[in-house]
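Visitor: TSV, C-alpha atoms, file target.tsv:
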chain	number	residue	atom	x	y	z
K	1	MET	CA	-2.41	-12.71	-15.50
K	2	LEU	CA	-6.08	-11.98	-16.12
K	3	PHE	CA	-5.58	-8.46	-14.74
K	4	PHE	CA	-2.70	-7.83	-17.16
K	5	LEU	CA	-4.80	-9.06	-20.07
K	6	LEU	CA	-7.75	-6.84	-19.11
K	7	MET	CA	-5.49	-3.79	-18.88
K	8	LEU	CA	-4.02	-4.42	-22.32
K	9	LEU	CA	-7.41	-5.08	-23.95
K	10	LEU	CA	-9.31	-2.20	-22.32
K	11	PRO	CA	-8.90	0.33	-25.20
K	12	LEU	CA	-10.59	-2.19	-27.50
K	13	PHE	CA	-13.80	-1.77	-25.48
K	14	THR	CA	-13.69	1.92	-24.59
K	15	GLU	CA	-11.75	5.01	-25.59
K	16	ASP	CA	-13.48	7.30	-23.10
K	17	PRO	CA	-10.92	10.08	-22.40
K	18	TYR	CA	-11.84	10.26	-18.71
K	19	ILE	CA	-11.40	6.53	-18.09
K	20	LEU	CA	-8.14	6.37	-20.05
K	21	ARG	CA	-6.78	9.39	-18.18
K	22	ILE	CA	-7.57	7.91	-14.77
K	23	LEU	CA	-6.07	4.52	-15.62
K	24	THR	CA	-2.97	6.12	-17.15
K	25	LEU	CA	-2.35	8.09	-13.95
K	26	THR	CA	-3.14	4.98	-11.91
K	27	SER	CA	-0.46	3.02	-13.77
K	28	ILE	CA	2.08	5.82	-13.21
K	29	PHE	CA	1.33	6.00	-9.48
K	30	ALA	CA	1.45	2.18	-9.23
K	31	ILE	CA	5.13	2.31	-10.21
K	32	LEU	CA	5.68	4.93	-7.49
K	33	ALA	CA	3.91	2.85	-4.81
K	34	ALA	CA	5.85	-0.31	-5.73
K	35	SER	CA	9.15	1.61	-5.58
K	36	TRP	CA	8.33	2.70	-2.00
K	37	ASP	CA	7.68	-0.92	-1.05
K	38	LEU	CA	11.01	-1.96	-2.57
K	39	LEU	CA	12.82	0.41	-0.19
K	40	SER	CA	10.72	0.74	2.94
K	41	GLY	CA	8.87	-2.56	2.84
K	42	PHE	CA	11.74	-4.92	2.10
K	43	THR	CA	14.67	-3.18	3.84
K	44	GLY	CA	12.75	-1.45	6.65
K	45	GLN	CA	14.23	1.96	5.73
K	46	MET	CA	11.07	3.93	6.48
K	47	ASN	CA	10.97	6.70	3.88
K	48	PHE	CA	8.43	9.47	4.55
K	49	GLY	CA	9.92	11.66	1.83
K	50	HIS	CA	9.42	9.43	-1.19
K	51	ALA	CA	7.99	12.38	-3.11
K	52	LEU	CA	11.61	13.56	-3.43
K	53	PHE	CA	12.37	10.85	-6.01
K	54	PHE	CA	9.10	11.48	-7.83
K	55	GLY	CA	9.66	15.24	-7.91
K	56	VAL	CA	13.29	14.99	-9.01
K	57	GLY	CA	12.33	12.66	-11.86
K	58	ALA	CA	9.55	15.05	-12.93
K	59	TYR	CA	11.63	18.24	-12.73
K	60	VAL	CA	14.76	16.81	-14.38
K	61	ALA	CA	12.70	15.37	-17.26
K	62	ALA	CA	10.81	18.65	-17.66
K	63	LEU	CA	13.97	20.80	-17.56
K	64	LEU	CA	15.81	18.62	-20.06
K	65	ASN	CA	12.85	18.58	-22.41
K	66	LYS	CA	12.08	22.30	-22.27
K	67	TYR	CA	15.57	23.78	-22.22
K	68	ALA	CA	17.67	21.08	-23.93
K	69	GLY	CA	15.03	19.81	-26.36
K	70	ILE	CA	15.50	16.18	-25.30
K	71	PRO	CA	12.40	14.10	-26.22
K	72	PRO	CA	10.48	12.09	-23.58
K	73	TRP	CA	12.20	8.79	-24.40
K	74	GLY	CA	15.50	10.45	-23.40
K	75	SER	CA	14.43	12.85	-20.66
K	76	ILE	CA	12.53	10.25	-18.61
K	77	PRO	CA	15.53	7.88	-18.15
K	78	LEU	CA	17.76	10.87	-17.39
K	79	GLY	CA	15.22	12.05	-14.84
K	80	ALA	CA	15.35	8.57	-13.29
K	81	LEU	CA	19.16	8.84	-13.06
K	82	GLY	CA	18.69	12.20	-11.34
K	83	ALA	CA	16.45	10.42	-8.81
K	84	VAL	CA	19.18	7.77	-8.34
K	85	LEU	CA	21.59	10.59	-7.46
K	86	ALA	CA	18.99	11.91	-5.01
K	87	GLY	CA	18.83	8.41	-3.53
K	88	LEU	CA	22.58	8.50	-2.93
K	89	ILE	CA	22.39	12.00	-1.43
K	90	ILE	CA	19.76	11.06	1.14
K	91	GLY	CA	20.91	7.45	1.55
K	92	ILE	CA	24.43	8.26	2.77
K	93	PRO	CA	23.44	10.48	5.74
K	94	CYS	CA	20.57	8.13	6.61
K	95	LEU	CA	22.67	4.95	6.82
K	96	ARG	CA	22.99	5.02	10.61
K	97	LEU	CA	19.38	6.05	11.26
K	98	ARG	CA	16.39	3.83	11.86
K	99	GLY	CA	12.74	4.14	12.82
K	100	THR	CA	11.39	7.58	13.68
K	101	TYR	CA	14.71	9.36	13.15
K	102	LEU	CA	15.05	7.98	9.63
K	103	ALA	CA	11.43	8.81	8.77
K	104	LEU	CA	11.76	12.43	9.95
K	105	THR	CA	15.08	12.89	8.17
K	106	THR	CA	13.75	11.62	4.84
K	107	LEU	CA	10.66	13.82	5.28
K	108	ALA	CA	12.89	16.91	5.35
K	109	PHE	CA	14.51	16.41	1.93
K	110	PRO	CA	11.50	17.07	-0.36
K	111	ILE	CA	10.67	20.13	1.77
K	112	ILE	CA	14.22	21.41	1.25
K	113	LEU	CA	14.00	20.79	-2.50
K	114	MET	CA	10.66	22.60	-2.64
K	115	GLY	CA	12.35	25.61	-1.02
K	116	ILE	CA	15.02	25.50	-3.73
K	117	VAL	CA	12.30	25.34	-6.39
K	118	PHE	CA	10.65	28.48	-4.99
K	119	ALA	CA	14.03	30.23	-4.72
K	120	LEU	CA	14.81	29.73	-8.44
K	121	PRO	CA	11.59	30.76	-10.23
K	122	ASP	CA	13.38	31.69	-13.47
K	123	LEU	CA	14.55	28.09	-13.85
K	124	THR	CA	11.88	26.04	-12.12
K	125	GLY	CA	8.82	28.24	-12.66
K	126	GLY	CA	8.34	28.72	-8.92
K	127	GLU	CA	4.81	28.06	-7.73
K	128	LEU	CA	3.54	27.65	-11.29
K	129	GLY	CA	6.03	24.94	-12.20
K	130	ILE	CA	7.45	24.09	-15.62
K	131	SER	CA	4.73	23.91	-18.25
K	132	GLY	CA	4.56	23.43	-22.00
K	133	ILE	CA	6.75	20.33	-22.14
K	134	ALA	CA	6.33	17.68	-24.81
K	135	ARG	CA	3.50	15.16	-24.66
K	136	LEU	CA	4.26	11.62	-23.71
K	137	ALA	CA	2.65	10.44	-26.96
K	138	GLY	CA	0.36	11.76	-29.67
K	139	SER	CA	-2.89	10.15	-28.54
K	140	ARG	CA	-4.67	9.14	-25.33
K	141	VAL	CA	-4.57	5.45	-26.26
K	142	ALA	CA	-0.82	5.63	-26.92
K	143	ASN	CA	-0.30	7.37	-23.56
K	144	TYR	CA	-2.32	4.64	-21.90
K	145	TYR	CA	-0.36	1.80	-23.47
K	146	ILE	CA	3.00	3.39	-22.66
K	147	ALA	CA	2.03	3.81	-18.99
K	148	VAL	CA	0.48	0.34	-18.66
K	149	VAL	CA	3.30	-1.54	-20.42
K	150	LEU	CA	5.95	0.29	-18.40
K	151	MET	CA	4.00	-0.34	-15.19
K	152	LEU	CA	3.72	-4.05	-15.90
K	153	GLY	CA	7.37	-4.30	-16.95
K	154	LEU	CA	8.88	-2.25	-14.13
K	155	CYS	CA	6.75	-3.81	-11.41
K	156	THR	CA	7.72	-7.26	-12.68
K	157	ILE	CA	11.39	-6.24	-12.51
K	158	MET	CA	10.93	-4.99	-8.94
K	159	TRP	CA	9.20	-8.23	-7.99
K	160	LYS	CA	12.04	-10.24	-9.54
K	161	ILE	CA	14.58	-8.18	-7.58
K	162	THR	CA	12.80	-8.92	-4.32
K	163	ASP	CA	12.59	-12.61	-5.22
K	164	SER	CA	16.35	-12.82	-5.89
K	165	ASN	CA	19.25	-13.23	-3.47
K	166	THR	CA	19.44	-9.43	-3.26
K	167	GLY	CA	15.80	-9.35	-2.18
K	168	ILE	CA	16.47	-11.97	0.50
K	169	ILE	CA	19.28	-9.81	1.88
K	170	PHE	CA	16.97	-6.76	1.80
K	171	HIS	CA	14.42	-8.70	3.81
K	172	ALA	CA	17.07	-9.94	6.24
K	173	ILE	CA	18.24	-6.36	6.84
K	174	ARG	CA	14.67	-5.44	7.68
K	175	GLU	CA	14.36	-8.29	10.18
K	176	ASP	CA	17.77	-8.09	11.90
K	177	GLU	CA	20.48	-5.88	10.44
K	178	LEU	CA	23.01	-6.77	13.15
K	179	ALA	CA	22.72	-10.47	12.36
K	180	VAL	CA	23.20	-9.79	8.64
K	181	ARG	CA	26.27	-7.69	9.39
K	182	ALA	CA	27.62	-10.43	11.65
K	183	ALA	CA	27.27	-12.86	8.74
K	184	GLY	CA	29.82	-10.77	6.82
K	185	ILE	CA	27.39	-8.97	4.48
K	186	ASN	CA	28.02	-5.30	3.74
K	187	THR	CA	24.65	-3.87	4.83
K	188	THR	CA	25.72	-0.32	3.96
K	189	ARG	CA	26.14	-1.25	0.32
K	190	TYR	CA	22.79	-3.02	0.16
K	191	LYS	CA	20.91	-0.17	1.85
K	192	LEU	CA	22.42	2.31	-0.60
K	193	LEU	CA	21.47	-0.03	-3.42
K	194	ALA	CA	17.87	-0.08	-2.13
K	195	PHE	CA	17.75	3.74	-2.06
K	196	CYS	CA	19.13	3.95	-5.60
K	197	LEU	CA	16.83	1.28	-7.05
K	198	SER	CA	13.79	2.83	-5.38
K	199	GLY	CA	14.83	6.27	-6.62
K	200	PHE	CA	15.27	4.98	-10.17
K	201	PHE	CA	11.79	3.48	-10.44
K	202	ALA	CA	10.16	6.44	-8.65
K	203	GLY	CA	12.05	8.80	-10.97
K	204	ILE	CA	10.64	7.03	-14.02
K	205	SER	CA	7.12	7.46	-12.64
K	206	GLY	CA	7.85	11.16	-12.04
K	207	GLY	CA	9.09	11.65	-15.59
K	208	LEU	CA	6.07	9.84	-17.00
K	209	TYR	CA	3.78	12.03	-14.88
K	210	ALA	CA	5.47	15.25	-16.05
K	211	HIS	CA	5.20	14.37	-19.73
K	212	PHE	CA	1.66	13.04	-19.41
K	213	MET	CA	0.39	16.10	-17.53
K	214	ARG	CA	2.75	18.39	-19.48
K	215	ILE	CA	3.78	20.14	-16.26
K	216	ALA	CA	6.18	19.60	-13.37
K	217	GLY	CA	5.14	21.62	-10.33
K	218	PRO	CA	5.66	21.79	-6.55
K	219	SER	CA	2.74	19.38	-6.08
K	220	THR	CA	5.11	16.54	-7.03
K	221	LEU	CA	7.17	17.32	-3.91
K	222	GLU	CA	4.37	17.90	-1.41
K	223	VAL	CA	4.31	16.06	1.91
K	224	SER	CA	0.81	14.81	1.07
K	225	MET	CA	2.25	12.95	-1.93
K	226	SER	CA	4.71	11.09	0.30
K	227	PHE	CA	2.02	10.13	2.82
K	228	THR	CA	-0.38	9.06	0.07
K	229	VAL	CA	2.24	6.58	-1.18
K	230	VAL	CA	2.58	5.19	2.34
K	231	ILE	CA	-1.21	4.79	2.62
K	232	TRP	CA	-1.33	2.94	-0.71
K	233	ALA	CA	1.41	0.54	0.40
K	234	ILE	CA	-0.09	-0.22	3.82
K	235	PHE	CA	-3.59	-0.57	2.36
K	236	GLY	CA	-2.45	-3.17	-0.18
K	237	GLY	CA	0.13	-4.92	1.98
K	238	ILE	CA	3.83	-4.12	2.24
K	239	VAL	CA	6.66	-6.53	1.42
K	240	THR	CA	4.75	-7.79	-1.62
K	241	ILE	CA	5.23	-5.29	-4.51
K	242	TYR	CA	1.85	-6.36	-5.90
K	243	GLY	CA	0.03	-5.13	-2.78
K	244	PRO	CA	0.79	-1.41	-3.26
K	245	VAL	CA	0.12	-1.76	-7.01
K	246	GLY	CA	-3.29	-3.29	-6.35
K	247	ALA	CA	-4.04	-0.63	-3.72
K	248	VAL	CA	-3.41	2.16	-6.23
K	249	PHE	CA	-5.80	0.52	-8.70
K	250	VAL	CA	-8.44	0.41	-5.96
K	251	LEU	CA	-7.96	3.75	-4.19
K	252	PHE	CA	-6.93	6.19	-6.92
K	253	PRO	CA	-9.91	5.56	-9.25
K	254	LEU	CA	-12.18	5.44	-6.20
K	255	LEU	CA	-11.04	8.91	-5.11
K	256	GLU	CA	-11.52	10.23	-8.64
K	257	PHE	CA	-15.06	8.88	-8.86
K	258	LEU	CA	-15.87	10.27	-5.40
K	259	ARG	CA	-15.25	13.79	-6.69
K	260	PHE	CA	-18.97	13.84	-7.47
K	261	TRP	CA	-19.55	13.72	-3.68
K	262	GLN	CA	-16.93	16.28	-2.75
K	263	GLU	CA	-18.44	16.92	0.70
K	264	TYR	CA	-18.10	13.27	1.75
K	265	ARG	CA	-15.07	12.29	-0.32
K	266	THR	CA	-12.42	12.55	2.40
K	267	LEU	CA	-14.67	10.96	5.03
K	268	MET	CA	-15.51	7.96	2.84
K	269	PHE	CA	-11.87	7.48	1.90
K	270	ALA	CA	-10.79	7.58	5.56
K	271	CYS	CA	-13.49	5.08	6.55
K	272	ILE	CA	-12.45	2.63	3.82
K	273	VAL	CA	-8.77	2.79	4.83
K	274	LEU	CA	-9.56	2.44	8.54
K	275	LEU	CA	-11.77	-0.60	7.95
K	276	ILE	CA	-8.99	-2.30	5.99
K	277	LEU	CA	-6.43	-1.52	8.69
K	278	LEU	CA	-8.72	-2.77	11.45
K	279	TYR	CA	-9.83	-6.04	9.87
K	280	MET	CA	-6.92	-6.72	7.49
K	281	PRO	CA	-3.84	-5.31	9.28
K	282	ASP	CA	-1.46	-7.00	6.81
K	283	GLY	CA	-3.17	-5.31	3.87
K	284	LEU	CA	-6.03	-6.14	1.54
K	285	PHE	CA	-4.08	-8.12	-1.04
K	286	ARG	CA	-2.02	-10.08	1.47
K	287	TRP	CA	-5.30	-11.06	3.11
K	288	LEU	CA	-6.68	-12.16	-0.28
K	289	ARG	CA	-3.50	-14.11	-1.00
K	290	ASP	CA	-3.71	-15.95	2.31
K	291	LYS	CA	-7.37	-16.80	1.66
K	292	ILE	CA	-6.56	-18.18	-1.79
K	293	GLU	CA	-3.61	-20.23	-0.53
K	294	LYS	CA	-5.77	-21.80	2.18
K	295	GLU	CA	-8.38	-22.91	-0.37
K	296	CYS	CA	-6.28	-23.73	-3.44
K	297	PRO	CA	-4.85	-27.31	-3.51
K	298	ARG	CA	-2.08	-26.28	-5.92
K	299	CYS	CA	-0.96	-23.52	-3.53
K	300	LYS	CA	-0.88	-25.98	-0.65
K	301	ILE	CA	1.39	-28.34	-2.61
K	302	ARG	CA	3.66	-25.47	-3.63
K	303	ASN	CA	3.95	-24.10	-0.08
K	304	THR	CA	4.76	-27.56	1.25
K	305	ALA	CA	7.53	-27.92	-1.34
K	306	MET	CA	8.93	-24.50	-0.47
K	307	ARG	CA	9.06	-25.38	3.23
K	308	ASP	CA	11.08	-28.52	2.39
K	309	THR	CA	13.74	-26.72	0.30
K	310	CYS	CA	16.19	-23.90	0.90
K	311	ARG	CA	15.13	-20.65	-0.83
K	312	VAL	CA	18.74	-19.68	-1.58
K	313	CYS	CA	20.17	-22.86	-3.13
K	314	THR	CA	16.95	-24.91	-3.57
K	315	ALA	CA	18.62	-27.87	-1.87
K	316	PRO	CA	16.39	-30.23	0.17
K	317	LEU	CA	16.31	-29.48	3.89
K	318	ASP	CA	16.99	-32.28	6.37
Taking this structure as input, can you express it in the form of structure tokens?

Guide:
Amino acid sequence: MLFFLLMLLLPLFTEDPYILRILTLTSIFAILAASWDLLSGFTGQMNFGHALFFGVGAYVAALLNKYAGIPPWGSIPLGALGAVLAGLIIGIPCLRLRGTYLALTTLAFPIILMGIVFALPDLTGGELGISGIARLAGSRVANYYIAVVLMLGLCTIMWKITDSNTGIIFHAIREDELAVRAAGINTTRYKLLAFCLSGFFAGISGGLYAHFMRIAGPSTLEVSMSFTVVIWAIFGGIVTIYGPVGAVFVLFPLLEFLRFWQEYRTLMFACIVLLILLYMPDGLFRWLRDKIEKECPRCKIRNTAMRDTCRVCTAPLD
């Protein structure tokens, strides 16, 4: 709660363009990281091509704005729906795949889309991308507030989804899909739902990015973008939603500030990530959560109560 308050009050203390730009991009990428966790963390559908959703959202929003004249408030949701369609397209052939096979298959889709982008330069701008699209808002502060409010709202919605009965089924599919199927639950439908939900939220982040940067280019589909999202999620702690969000707020500004030491930037980043993985294998923010729950009396009482009741119906357990 304190973090949310600080984010909302920040422009009252500084309107430095550089700081606002970094935090605006951080908020956009936080939505993207949380959407990956919603799919890969909770259902176990390891997606190494998450940049597909981001790129589709960016390109659809940019195309609709530039060629159809649709303003950002209309093009961004439509871009998200385009990413939902992409989720269906890759979700259906991936339903029977797991593990390495699923990861490699999802990795191929953004590469295929990038090839299509290069093959249609008159429409997509080719290597240069689509530029000159409308601004997200008229001022830096307005851009910042739009990104932060949407990040807080959408990440809260994702967290609520994972805390609902649907989220419990997602988690069960990740742990033992055969057992869930034996219980009479249609796992195919829920896995497709996870792909579509993840695509929707990632598509919104892509549309926000395109309108904030005023360009949608091949960089939104690069393999490095997909792997960066995975690093954020693992660094913060998967199956949490808040873990990947917190990781983006740690790592993305850190990388930006390390640009002043360009020679050592990659080395320092790699060392930080490796140290976290070695000493906090469940992620930085899951480790912090466990520490707090061990020390906080209120958390101990709450955890005891949760162990004594059923999470689905809240009935007391015998």

Visitor: For atom CA of K:Ile231 and atom CA of K:Arg174, determine how far apart the two atoms are, in Å to one decimal place.

Guide: 19.6 Å

Visitor: Measuring between all atoms listed in the file, which one of K:Leu178, K:Ala108, K:Leu284, K:Cys155 shows the shortest distance to K:Val250?

Guide: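 The closest residue to K:Val250 is K:Leu284.
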
Visitor: Please, what distance in Å, to one decimal, runs between atom CA of K:Asn143 and atom CA of K:Pro72?

Guide: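 Pair atom CA of K:Asn143 / atom CA of K:Pro72 returns 11.8 Å.
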
Visitor: Give me, as an NGL selection string, all polymer residues having an atom no more than 12 Å from K:Ser224, counting only C-alpha atoms and skipping those fewer than 6 positions away in the same chain.

Guide: :K and (48-52 or 107 or 110-111 or 218 or 230-231)

Visitor: Given all atoms listed in the file as the basis, pick out the residue of K:Gly236, K:Phe257, K:Ile19, K:His211 nearest to K:Trp73.

Guide: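 Of K:Gly236, K:Phe257, K:Ile19, K:His211, the one nearest K:Trp73 is K:His211, counting all atoms listed in the file.
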
Visitor: Have a look at K:Val248, K:Met7, K:Met213, K:Leu258 and name the one nearest to K:Gly132; count only C-alpha atoms.

Guide: K:Met213

Visitor: Near K:Ile90, counting all atoms listed in the file, which residues have an atom at most 10 Å away, once you skip same-chain residues fewer than 2 positions from it, shown as an NGL selection string?

Guide: :K and (49 or 52 or 85-88 or 92-95 or 105-106 or 108-109 or 192 or 195-196)

Visitor: Of the candidates K:Gly217, K:Pro11, K:Gly55, K:Pro121, which shows the shortest atom-to-atom distance to K:Ser205, using all atoms listed in the file?

Guide: K:Gly55

Visitor: Identify which of the residues K:Ala134, K:Tyr242, K:Phe252, K:Val180 lies closest to K:Leu23, counting all atoms listed in the file when measuring atom-to-atom distances.

Guide: K:Phe252

Visitor: Which polymer residues have any atom within 7 Å of an atom of K:Ala216, counting all atoms listed in the file, with same-chain residues fewer than 2 positions away left out, as a PyMOL selection string?

Guide: chain K and resi 58-59+62+129-131+210

Visitor: For C-alpha atoms, I'd like the residues from the last selection saved as a short mmCIF file (atom, residue, chain, number, x, y, z; two decimals), in the frame of the given file.

Guide:
data_model
loop_
_atom_site.label_atom_id
_atom_site.label_comp_id
_atom_site.auth_asym_id
_atom_site.auth_seq_id
_atom_site.Cartn_x
_atom_site.Cartn_y
_atom_site.Cartn_z
CA ALA K 58 9.55 15.05 -12.93
CA TYR K 59 11.63 18.24 -12.73
CA ALA K 62 10.81 18.65 -17.66
CA GLY K 129 6.03 24.94 -12.20
CA ILE K 130 7.45 24.09 -15.62
CA SER K 131 4.73 23.91 -18.25
CA ALA K 210 5.47 15.25 -16.05
#

Visitor: Could you name the residues that touch K:Leu154 at 12 Å or less, counting all atoms listed in the file, but leaving out those on the same chain fewer than 5 positions away, as a list in words?

Guide: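 In the requested form, the answer reads Ser27, Ile28, Ala30, Ile31, Leu32, Ala33, Ala34, Ser35, Leu38, Ile146, Ala147, Val148, Val149, Trp159, Lys160, Ile161, Leu197, Ser198, Phe200, Phe201, Ala202, Gly203, Ile204, Ser205, Ile241, Tyr242 and Val245 of chain K.
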